[in-house]
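Trainee: This is the structure I have questions about; it appears just below.
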Amino acid sequence: MSHTPPRWARTLLRWWADPNTSEEVEGDLLELYNHWVATVGERKANWKYTLNAIKLLRPFAKDKRSDYPTTYLYSPTMIRNYFKIAFRNLLKQKVYSSFNLIGLALGLSCGLLLTLHIKEELSYEKDFPKHERIFRMVTTEWSKSQPPLAREMMNFFPEIQDAVRFSSRGSQITNNGPDKQAETSGYYADSSVVTVFDLKPISGNPFKALQEPEAVVITKQTAEKFFGAQNPVGQKLTFDSKEDLWVRAVVDNLPNNSHLKFDYLVSMPTFYQQASPDWTSSRGWMFGWTYILLKDAKDAQKIEKRLNDFYVKFYQPNGDEEKKKVAEFASTARLQPLTDIHLTSNLIQEMGPNSSILYVYIFIAVEILILIIACVNFINLFTTQALKRAKEVGMRKALGAKKAQVVTQFLGEAFILIILSGLIAICLYRLVIPFYNSMAGKQLSGWEILQPANLLIMIAMILFVGLLSGLFPALFISKFDPIASLKSDKLPKSSATVLRKSLIVLQFVVSGFLISSTILIYQQMNLFKNKELGFDKEQVIAIKLYGNLKEKVLANSAVFKNELTRNPNVAAVGQSSNLIGDDLSVEGITPLNPPAGKEFPSFKVSRIDEDFLTVLNIPLKEGRNFSRQFNDSATFIINEKAAKILELKNPVGAIIVNHSMGVQGKVVGVVKDYNFASLHSRVEPLVLEYKPAWTGNILVKIAAGNIPQTIHYLKTTVEKVAPNTMFSYTFLDERMATLYKKEDTMSQILNAFSGLAIIISCLGLFGVVAHESKLRTKEIGIRKVLGASVPNLVVLLSGSFLKLVLIGIVIATPLAWYAMNQWLQDFEYRIELQWWVFAVAGLMVVGIALLTVAFQSIKAALVNPVKSLKSE
Amino acid sequence: MKRTFLGEFEEIVLLTVAILGEEAYGVTVTQELEQKTGRSVGFSSVHTTLQRLEEKGFLASQMGGATAERGGRRKRFFTVTATGRKALVEVKQVREELWAALPTQTLQLMGG
């Protein structure tokens with residue numbers, strides 16, 4: 001009876017035929033079918049069977065003979081039995097169970113960490129109730145805008161409800177009395193900040209306060225820092241030892257998940273008092289950040305379309321030339337949604353460094369990969385373990401268990417395991433969160449996991465993992481044929497071997513991928529740290545000049561510098577307006593008498609003194625350094641790039657004009673291109689102007705060795721010059737490392753996670769190898785009796801698994817190569833992808849897998865054949 | 001006299017059941033019909049007719065023992081009831097009366 005009628009027709013019949021006669025009908029049809037096969041052939045028989053089956057469907061017939069009550073399948077006794085069996089099995093197979101639990105718990109806790117990390121990244125600005133309607137006015141290059149923009153826009157666009165401007169005050173030393181001082185940073189801000197960003201007043205009226213001159217509104221944290229338990233309202237705060245402002249109100253701290261960070265806000269009228277009207281009414285000065293609040297978020301596009309009209313009114317251009325320029329500018333302007341700033345904005349002069357959506361994607365990818373590995377692991381181990389219970393399944397089925405019951409039982413067991421590992425995962429998560437926070441620079445709180453939303457994520461994750469990894473083994477096991485599984489003495493050979501093998505391959509594809517990516521990222525980070533930058537960043541200390549100290553030093557820098565160099569450990573002292581990696585001032589510079597119609601890009605400008613180049617050891621290509629010997633006011637040194645862009649054939653001696661500052665002067669020297677910004681970008685044109693009076697940093701080159709003593713000397717000197725000032729310093733190389741913090745963080749996180757990935761994979765491999773060697777106990781015994789040596793057997797047992805690992809690596813390599821190539825496109829200076837990296841990654845994976853496999857195989861190979869052959 | 005109407009197909013099926021005696025169930029009835037009448041008979045129509053005849057009271061049925069070849073499913077055996085027999089006899093009588101009433105000439109023309 002090799003022929004069976006079409007399965008779907010049979011199913012159809014079983015489901016929809018008249019239940020009263022279904023038994024004999026099915027039987028009759030089967031008999032007829034066999035008759036047909038014999039007489040008219042299988043094809044026709046199939047057709048006839050189907051036709052008859054369809055004709056016999058009585059979908060609405062009801063069973064008239066339901067005299068017997070059906071047993072309730074999920075009776076409490078049965079369920080109790082399931083639990084009992086589940087726990088007995090867990091305890092019986094301690095190694096398997098713990099491997100399974102640990103593997104899954106590791107996977108789940110990684111998943112939790114990354115989910116919360118991603119959730120936090122995506123939650124930026126969402127704590128501001130009006131976040132959907134707030135936009136920042138930016139251009140394709142600039143994040144800042146002009147002082148009169150906010151008011152003019154509000155007059156022009158009726159869709160705008162309100163607007164806020166922020167202007168940075170940088171970081172300043174603030175004191176309240178001589179003993180209470182600290183570094184703080186804040187902004188000048190319009191009073192509308194209170195309503196637009198919904199700042200919660202704690203005392204005073206911040207809205208009114210920000211309309212008064214010389215008023216400052218501080219956050220709760222700042223209030224506690226400076227005033228402790230006292231009421232801060234009405235008190236005085238001194239900024240940089242010269243500016244007295246009065247605290248008029250206190251507002252609640254800002255949410256952490258915002259790009260907007262400040263300790264205090266100074267009222268905008270104060271700014272208007274301090275800055276000259278020329279500046280505050282300038283329509284070309286990018287003074288600060290303008291945020292607008294729309295009545296309806298949908299109006300943003302409408303406004304963007306009319307921006308050109310607006311800028312025409314704003315600039316009142318005369319003549320075609322100017323009109324063209326305005327149109328060009330307007331075409332770059334746009335409204336940037338507040339919620340886009342943290343993840344996607346990377347414009348000139350942002351308020352602070354932002355994150356990148358790319359990293360969110362990478363983390364999502366890693367999370368999914370790790371969860372997949374954990375699931376695969378679970379599937380493998382659970383299936384292997386369940387194979388041993390074929391007899392139990394056979395017995396259950398013989399006693400009347402339905403397939404659905406067996407499925408439920410095993411799925412339930414899978415869920416028990418997964419829920420247990422979920423609990424372990426929460427504990428693990430709680431344990432590692434401090435390390436993770438310090439590594440990723442996040443403020444995820446440990447107990448945040450117990451918030452309803454996060455618990456929901458957790459439950460969703462458990463359900464997902466449970467269904468994904470429990471369903472397959474359960475379905476697979478429930479298919480066991482009771483007769484075969486009860487009859488055979490051997491453990492049944494899994495028909496799912498191919499699947500299990502491909503799952504192992506998949507695990508090692510992921511591990512191989514993660515490990516080679518980690519190595520490449522590490523290499524790229526090393527490139528950042530060790531690349532020849534064109535200057536010497538070692539042993540350079542940068543001292544920030546504040547208030548009192550700044551005045552004293554700038555008034556007579558020669559004396560201060562002499563004082564410092566008296567110490568033999570101090571090699572040189574220079575001054576500069578910006579440190580390496582800072583946002584430099586961007587100014588319009590052209591040669592004198594530029595060729596008509598020629599456009600020049602803007603230039604980065606830094607102000608330095610005559611010793612700056614010496615301290616950083618930046619070589620001059622031609623010309624000379626600035627010097628006190630000459631009258632060097634209004635002289636410039638430019639870099640090679642700038643010389644090229646300005647098209648100066650003989651740069652030394654050429655006159656260039658700084659239109660932004662309204663000065664012109666002679667170029668006295670050309671420096672070699674050095675990387676004054678991060679290595680993400682190519683060296684840009686740079687102009688160095690001799691203007692010690694405008695500098696804000698002292699750079700000190702010190703001798704190696706005895707660094708603490710030298711620092712102490714610097715500190716006492718600073719205190720001698722300006723008593724009661726804060727001595728704030730950084731090492732230049734450390735500071736530069738922060739430029740690559742984002743990559744560094746990612747590299748560390750990936751390191752940790754790829755380590756975990758391989759651990760989880762190996763746990764799975766270990767379990768499967770253990771099972772396989774148990775299956776082959778007798779075979780190994782016979783082989784030994786016939787003269788196989790232990791190494792022979794180890795090779796035999798490990799070989800098949802190592803092959804899988806190798807296949808995994810072969811698949812992983814091109815994937816990793818492609819992905820890393822994409823990532824590297826982000827950097828101007830990048831490593832070459834070399835084949836040996838992949839070889840090393842592959843060897844590492846093979847090595848670790850070999851250790852796992854060899855342990856089990858050696859154990860199996862060493863067993864006394866007498867014992868193994870006797871075993872039943 | 002109230003007479004139960006018996007359709008042509010019903011009549012043949014009823015007759016076949018009677019012919020098969022102890023061995024009448026879906027498959028045998030279908031096969032017998034096909035053999036005897038030479039026309040292709042669908043099992044589904046046979047099954048439906050058998051059901052209908054049982055509902056009308058012409059047939060009675062009981063389940064037989066399980067056999068391996070049918071995947072362990074039992075057969076439903078049919079037997080003709082007294083009413084069924086009476087109905088068959090009646091049909092036969094009507095036919096015979098009608099045949100008898102046929103003029104001899106016509107009978108000859110039909111080649112009888």
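The chains in the structure tokens are called A, B, ... from first to last as shown; in each chain the residues are counted from 1, and the ligands are counted from 1 in the order shown.
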What residues in segment 268-350 of chain A get the DSSP label strand (DSSP E or B)? Please answer as an mmCIF file with all heavy atoms, in the first residue's frame.
Mentor:
data_model
loop_
_atom_site.group_PDB
_atom_site.id
_atom_site.type_symbol
_atom_site.label_atom_id
_atom_site.label_comp_id
_atom_site.auth_asym_id
_atom_site.auth_seq_id
_atom_site.Cartn_x
_atom_site.Cartn_y
_atom_site.Cartn_z
ATOM 1 N N GLY A 288 23.918 82.109 17.840
ATOM 2 C CA GLY A 288 23.416 81.093 18.770
ATOM 3 C C GLY A 288 22.387 80.221 18.088
ATOM 4 O O GLY A 288 22.239 80.246 16.869
ATOM 5 N N TRP A 289 21.658 79.464 18.893
ATOM 6 C CA TRP A 289 20.716 78.490 18.330
ATOM 7 C C TRP A 289 19.285 78.998 18.473
ATOM 8 O O TRP A 289 18.897 79.478 19.534
ATOM 9 C CB TRP A 289 20.852 77.163 19.056
ATOM 10 C CG TRP A 289 22.230 76.596 18.933
ATOM 11 C CD1 TRP A 289 22.680 75.766 17.966
ATOM 12 C CD2 TRP A 289 23.337 76.825 19.798
ATOM 13 N NE1 TRP A 289 23.999 75.460 18.167
ATOM 14 C CE2 TRP A 289 24.437 76.099 19.277
ATOM 15 C CE3 TRP A 289 23.538 77.598 20.950
ATOM 16 C CZ2 TRP A 289 25.693 76.103 19.889
ATOM 17 C CZ3 TRP A 289 24.784 77.595 21.553
ATOM 18 C CH2 TRP A 289 25.845 76.857 21.019
ATOM 19 N N THR A 290 18.525 78.916 17.409
ATOM 20 C CA THR A 290 17.131 79.376 17.442
ATOM 21 C C THR A 290 16.206 78.180 17.340
ATOM 22 O O THR A 290 16.297 77.384 16.402
ATOM 23 C CB THR A 290 16.861 80.324 16.267
ATOM 24 O OG1 THR A 290 17.821 81.364 16.299
ATOM 25 C CG2 THR A 290 15.463 80.902 16.354
ATOM 26 N N TYR A 291 15.320 78.042 18.317
ATOM 27 C CA TYR A 291 14.320 76.976 18.298
ATOM 28 C C TYR A 291 12.958 77.615 18.124
ATOM 29 O O TYR A 291 12.651 78.598 18.795
ATOM 30 C CB TYR A 291 14.342 76.186 19.607
ATOM 31 C CG TYR A 291 15.602 75.403 19.811
ATOM 32 C CD1 TYR A 291 16.746 76.030 20.289
ATOM 33 C CD2 TYR A 291 15.661 74.059 19.527
ATOM 34 C CE1 TYR A 291 17.917 75.321 20.462
ATOM 35 C CE2 TYR A 291 16.827 73.336 19.704
ATOM 36 C CZ TYR A 291 17.950 73.973 20.169
ATOM 37 O OH TYR A 291 19.116 73.275 20.340
ATOM 38 N N ILE A 292 12.157 77.067 17.224
ATOM 39 C CA ILE A 292 10.817 77.622 17.068
ATOM 40 C C ILE A 292 9.775 76.570 17.439
ATOM 41 O O ILE A 292 9.976 75.382 17.248
ATOM 42 C CB ILE A 292 10.569 78.132 15.625
ATOM 43 C CG1 ILE A 292 10.797 77.012 14.622
ATOM 44 C CG2 ILE A 292 11.441 79.317 15.315
ATOM 45 C CD1 ILE A 292 10.489 77.416 13.205
ATOM 46 N N LEU A 293 8.699 77.075 18.019
ATOM 47 C CA LEU A 293 7.602 76.187 18.407
ATOM 48 C C LEU A 293 6.450 76.461 17.450
ATOM 49 O O LEU A 293 5.980 77.588 17.335
ATOM 50 C CB LEU A 293 7.170 76.486 19.844
ATOM 51 C CG LEU A 293 5.923 75.752 20.332
ATOM 52 C CD1 LEU A 293 6.197 74.273 20.479
ATOM 53 C CD2 LEU A 293 5.451 76.325 21.662
ATOM 54 N N LEU A 294 6.020 75.422 16.730
ATOM 55 C CA LEU A 294 4.934 75.605 15.773
ATOM 56 C C LEU A 294 3.596 75.320 16.435
ATOM 57 O O LEU A 294 3.522 74.567 17.406
ATOM 58 C CB LEU A 294 5.118 74.664 14.579
ATOM 59 C CG LEU A 294 6.405 74.817 13.802
ATOM 60 C CD1 LEU A 294 6.370 73.926 12.567
ATOM 61 C CD2 LEU A 294 6.621 76.249 13.378
ATOM 62 N N ALA A 333 18.716 76.562 4.046
ATOM 63 C CA ALA A 333 18.075 76.652 5.365
ATOM 64 C C ALA A 333 16.973 75.615 5.488
ATOM 65 O O ALA A 333 16.326 75.249 4.515
ATOM 66 C CB ALA A 333 17.495 78.048 5.558
ATOM 67 N N ARG A 334 16.808 75.093 6.705
ATOM 68 C CA ARG A 334 15.713 74.158 6.912
ATOM 69 C C ARG A 334 15.322 74.107 8.383
ATOM 70 O O ARG A 334 16.049 74.625 9.245
ATOM 71 C CB ARG A 334 16.094 72.756 6.414
ATOM 72 C CG ARG A 334 17.204 72.131 7.174
ATOM 73 C CD ARG A 334 17.834 70.982 6.409
ATOM 74 N NE ARG A 334 19.046 70.572 7.072
ATOM 75 C CZ ARG A 334 19.099 69.615 7.973
ATOM 76 N NH1 ARG A 334 18.021 68.971 8.324
ATOM 77 N NH2 ARG A 334 20.235 69.298 8.550
ATOM 78 N N LEU A 335 14.185 73.487 8.628
ATOM 79 C CA LEU A 335 13.720 73.305 9.997
ATOM 80 C C LEU A 335 14.093 71.901 10.436
ATOM 81 O O LEU A 335 13.672 70.929 9.835
ATOM 82 C CB LEU A 335 12.192 73.463 10.071
ATOM 83 C CG LEU A 335 11.631 74.869 10.245
ATOM 84 C CD1 LEU A 335 11.948 75.716 9.047
ATOM 85 C CD2 LEU A 335 10.137 74.810 10.495
ATOM 86 N N GLN A 336 14.894 71.834 11.490
ATOM 87 C CA GLN A 336 15.324 70.514 11.948
ATOM 88 C C GLN A 336 14.481 70.120 13.153
ATOM 89 O O GLN A 336 14.470 70.824 14.155
ATOM 90 C CB GLN A 336 16.782 70.600 12.341
ATOM 91 C CG GLN A 336 17.389 69.301 12.783
ATOM 92 C CD GLN A 336 18.842 69.489 13.158
ATOM 93 O OE1 GLN A 336 19.212 70.467 13.797
ATOM 94 N NE2 GLN A 336 19.680 68.557 12.757
ATOM 95 N N PRO A 337 13.757 68.993 13.052
ATOM 96 C CA PRO A 337 12.942 68.587 14.200
ATOM 97 C C PRO A 337 13.827 68.362 15.426
ATOM 98 O O PRO A 337 14.928 67.814 15.312
ATOM 99 C CB PRO A 337 12.316 67.272 13.753
ATOM 100 C CG PRO A 337 12.396 67.284 12.272
ATOM 101 C CD PRO A 337 13.599 68.082 11.922
ATOM 102 N N ILE A 348 28.097 72.172 12.003
ATOM 103 C CA ILE A 348 29.154 72.985 12.590
ATOM 104 C C ILE A 348 28.609 73.652 13.846
ATOM 105 O O ILE A 348 27.496 74.186 13.849
ATOM 106 C CB ILE A 348 29.618 74.056 11.583
ATOM 107 C CG1 ILE A 348 30.191 73.364 10.349
ATOM 108 C CG2 ILE A 348 30.635 74.981 12.205
ATOM 109 C CD1 ILE A 348 30.548 74.328 9.245
#
Trainee: For chain B, work out the contacting residues on chain A at 6 Å, counting only C-alpha atoms, and write them as a list in words.
Mentor: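 Listed by rising number, the hits are Glu24, Gly27, Asp28, Asn52 and Leu56 of chain A.
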Trainee: Please save all heavy atoms of the selected residues as a short mmCIF file (atom, residue, chain, number, x, y, z; two decimals), in the first residue's frame.
Mentor:
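Written out: selection.cif:
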data_model
loop_
_atom_site.label_atom_id
_atom_site.label_comp_id
_atom_site.auth_asym_id
_atom_site.auth_seq_id
_atom_site.Cartn_x
_atom_site.Cartn_y
_atom_site.Cartn_z
N GLU A 24 -16.97 5.63 8.26
CA GLU A 24 -17.11 4.69 7.16
C GLU A 24 -16.83 5.35 5.82
O GLU A 24 -16.29 4.72 4.91
CB GLU A 24 -18.50 4.03 7.17
CG GLU A 24 -19.66 5.00 6.98
CD GLU A 24 -20.27 5.41 8.30
OE1 GLU A 24 -19.53 5.39 9.31
OE2 GLU A 24 -21.46 5.75 8.34
N GLY A 27 -13.15 5.37 5.36
CA GLY A 27 -12.72 3.99 5.08
C GLY A 27 -13.10 3.56 3.68
O GLY A 27 -12.26 3.05 2.93
N ASP A 28 -14.33 3.81 3.32
CA ASP A 28 -14.81 3.42 2.00
C ASP A 28 -13.96 4.07 0.92
O ASP A 28 -13.54 3.42 -0.05
CB ASP A 28 -16.27 3.84 1.81
CG ASP A 28 -17.21 2.91 2.58
OD1 ASP A 28 -16.69 1.96 3.20
OD2 ASP A 28 -18.43 3.15 2.56
N ASN A 52 -14.63 13.10 -5.16
CA ASN A 52 -15.60 12.49 -4.26
C ASN A 52 -15.55 13.14 -2.89
O ASN A 52 -16.58 13.39 -2.27
CB ASN A 52 -15.36 11.00 -4.14
CG ASN A 52 -16.04 10.25 -5.26
OD1 ASN A 52 -17.24 10.39 -5.44
ND2 ASN A 52 -15.28 9.49 -6.03
N LEU A 56 -18.49 15.18 -0.85
CA LEU A 56 -19.01 14.65 0.41
C LEU A 56 -18.91 15.65 1.57
O LEU A 56 -19.26 15.32 2.70
CB LEU A 56 -18.27 13.37 0.78
CG LEU A 56 -18.74 12.16 -0.01
CD1 LEU A 56 -17.79 11.02 0.13
CD2 LEU A 56 -20.14 11.77 0.44
#
Trainee: Write out as number ranges by chain the set of residues from segment 272-453 of chain A that DSSP, computed on the backbone, places in alpha helix (DSSP H).
Mentor: A: 272-274, 277-280, 299-305, 307-315, 319-332, 338-344, 357-387, 390-398, 403-440, 452-453
Trainee: I want to know what sits within 6 Å of segment 470-485 of chain A, based on only C-alpha atoms, with residues of the same chain fewer than 4 positions away left out; could you give that as an MDAnalysis selection string?
Mentor: chainID A and resid 383 390:391 394 403 406:407 410:411 414 466
Trainee: Using all heavy atoms, can you write the selected residues to a file as an mmCIF file, in the first residue's frame?
Mentor:
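Generated output (out_8.cif):
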data_model
loop_
_atom_site.group_PDB
_atom_site.id
_atom_site.type_symbol
_atom_site.label_atom_id
_atom_site.label_comp_id
_atom_site.auth_asym_id
_atom_site.auth_seq_id
_atom_site.Cartn_x
_atom_site.Cartn_y
_atom_site.Cartn_z
ATOM 1 N N THR A 383 16.544 20.157 21.822
ATOM 2 C CA THR A 383 16.218 19.027 20.945
ATOM 3 C C THR A 383 17.044 17.813 21.332
ATOM 4 O O THR A 383 16.534 16.701 21.447
ATOM 5 C CB THR A 383 16.519 19.386 19.484
ATOM 6 O OG1 THR A 383 16.064 20.697 19.258
ATOM 7 C CG2 THR A 383 15.837 18.446 18.530
ATOM 8 N N ALA A 390 12.452 10.077 23.973
ATOM 9 C CA ALA A 390 11.582 9.508 22.954
ATOM 10 C C ALA A 390 10.651 8.467 23.560
ATOM 11 O O ALA A 390 9.470 8.398 23.238
ATOM 12 C CB ALA A 390 12.431 8.887 21.858
ATOM 13 N N LYS A 391 11.192 7.674 24.506
ATOM 14 C CA LYS A 391 10.381 6.615 25.120
ATOM 15 C C LYS A 391 9.208 7.219 25.872
ATOM 16 O O LYS A 391 8.089 6.716 25.813
ATOM 17 C CB LYS A 391 11.249 5.793 26.079
ATOM 18 C CG LYS A 391 12.121 4.800 25.355
ATOM 19 C CD LYS A 391 12.003 3.421 25.993
ATOM 20 C CE LYS A 391 12.612 2.365 25.112
ATOM 21 N NZ LYS A 391 14.079 2.396 25.118
ATOM 22 N N GLY A 394 6.699 8.237 23.439
ATOM 23 C CA GLY A 394 6.033 7.060 22.906
ATOM 24 C C GLY A 394 4.993 6.540 23.892
ATOM 25 O O GLY A 394 3.850 6.257 23.517
ATOM 26 N N LYS A 403 -1.230 14.723 19.815
ATOM 27 C CA LYS A 403 -0.037 15.455 19.395
ATOM 28 C C LYS A 403 0.002 16.836 20.057
ATOM 29 O O LYS A 403 1.040 17.286 20.536
ATOM 30 C CB LYS A 403 -0.070 15.601 17.874
ATOM 31 C CG LYS A 403 1.274 15.917 17.294
ATOM 32 C CD LYS A 403 1.203 15.936 15.797
ATOM 33 C CE LYS A 403 2.244 16.888 15.257
ATOM 34 N NZ LYS A 403 2.124 17.129 13.846
ATOM 35 N N VAL A 406 1.386 16.746 23.522
ATOM 36 C CA VAL A 406 2.845 16.614 23.604
ATOM 37 C C VAL A 406 3.501 17.946 23.269
ATOM 38 O O VAL A 406 4.441 18.380 23.924
ATOM 39 C CB VAL A 406 3.333 15.503 22.653
ATOM 40 C CG1 VAL A 406 4.839 15.379 22.731
ATOM 41 C CG2 VAL A 406 2.675 14.189 23.006
ATOM 42 N N VAL A 407 2.957 18.600 22.242
ATOM 43 C CA VAL A 407 3.506 19.907 21.873
ATOM 44 C C VAL A 407 3.403 20.858 23.047
ATOM 45 O O VAL A 407 4.368 21.525 23.422
ATOM 46 C CB VAL A 407 2.769 20.498 20.652
ATOM 47 C CG1 VAL A 407 3.214 21.923 20.407
ATOM 48 C CG2 VAL A 407 3.018 19.660 19.421
ATOM 49 N N PHE A 410 5.990 20.084 25.817
ATOM 50 C CA PHE A 410 7.370 20.470 25.572
ATOM 51 C C PHE A 410 7.536 21.980 25.415
ATOM 52 O O PHE A 410 8.514 22.555 25.857
ATOM 53 C CB PHE A 410 7.942 19.707 24.364
ATOM 54 C CG PHE A 410 8.373 18.328 24.742
ATOM 55 C CD1 PHE A 410 7.464 17.286 24.730
ATOM 56 C CD2 PHE A 410 9.661 18.085 25.165
ATOM 57 C CE1 PHE A 410 7.848 16.026 25.106
ATOM 58 C CE2 PHE A 410 10.053 16.818 25.545
ATOM 59 C CZ PHE A 410 9.138 15.776 25.524
ATOM 60 N N LEU A 411 6.537 22.582 24.824
ATOM 61 C CA LEU A 411 6.584 24.046 24.723
ATOM 62 C C LEU A 411 6.557 24.646 26.118
ATOM 63 O O LEU A 411 7.284 25.589 26.426
ATOM 64 C CB LEU A 411 5.383 24.528 23.904
ATOM 65 C CG LEU A 411 5.518 25.899 23.267
ATOM 66 C CD1 LEU A 411 6.729 25.932 22.367
ATOM 67 C CD2 LEU A 411 4.275 26.220 22.457
ATOM 68 N N ALA A 414 9.875 24.326 27.647
ATOM 69 C CA ALA A 414 10.775 25.338 27.090
ATOM 70 C C ALA A 414 10.512 26.667 27.785
ATOM 71 O O ALA A 414 11.441 27.376 28.172
ATOM 72 C CB ALA A 414 10.563 25.464 25.596
ATOM 73 N N GLY A 466 10.912 32.386 23.386
ATOM 74 C CA GLY A 466 10.297 31.124 23.763
ATOM 75 C C GLY A 466 9.636 30.457 22.572
ATOM 76 O O GLY A 466 9.851 29.266 22.306
#
Trainee: Looking at A:Asp263, A:Thr4, A:Gly847, A:Lys48, which one is nearest to Val41 of chain B, with distances taken over only C-alpha atoms?
Mentor: A:Lys48
Trainee: If we count only C-alpha atoms, what is near Phe626 of chain A at a cut-off of 7 Å, once residues fewer than 2 positions away on the same chain are taken out, given as a PyMOL selection string?
Mentor: chain A and resi 610+624+632+690
Trainee: Which value, in Å to one decimal, gives the distance between atom CA of Ile504 of chain A and atom CA of Leu804 of chain A?
Mentor: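 Spanning atom CA of Ile504 of chain A to atom CA of Leu804 of chain A is a straight-line distance of 6.8 Å.
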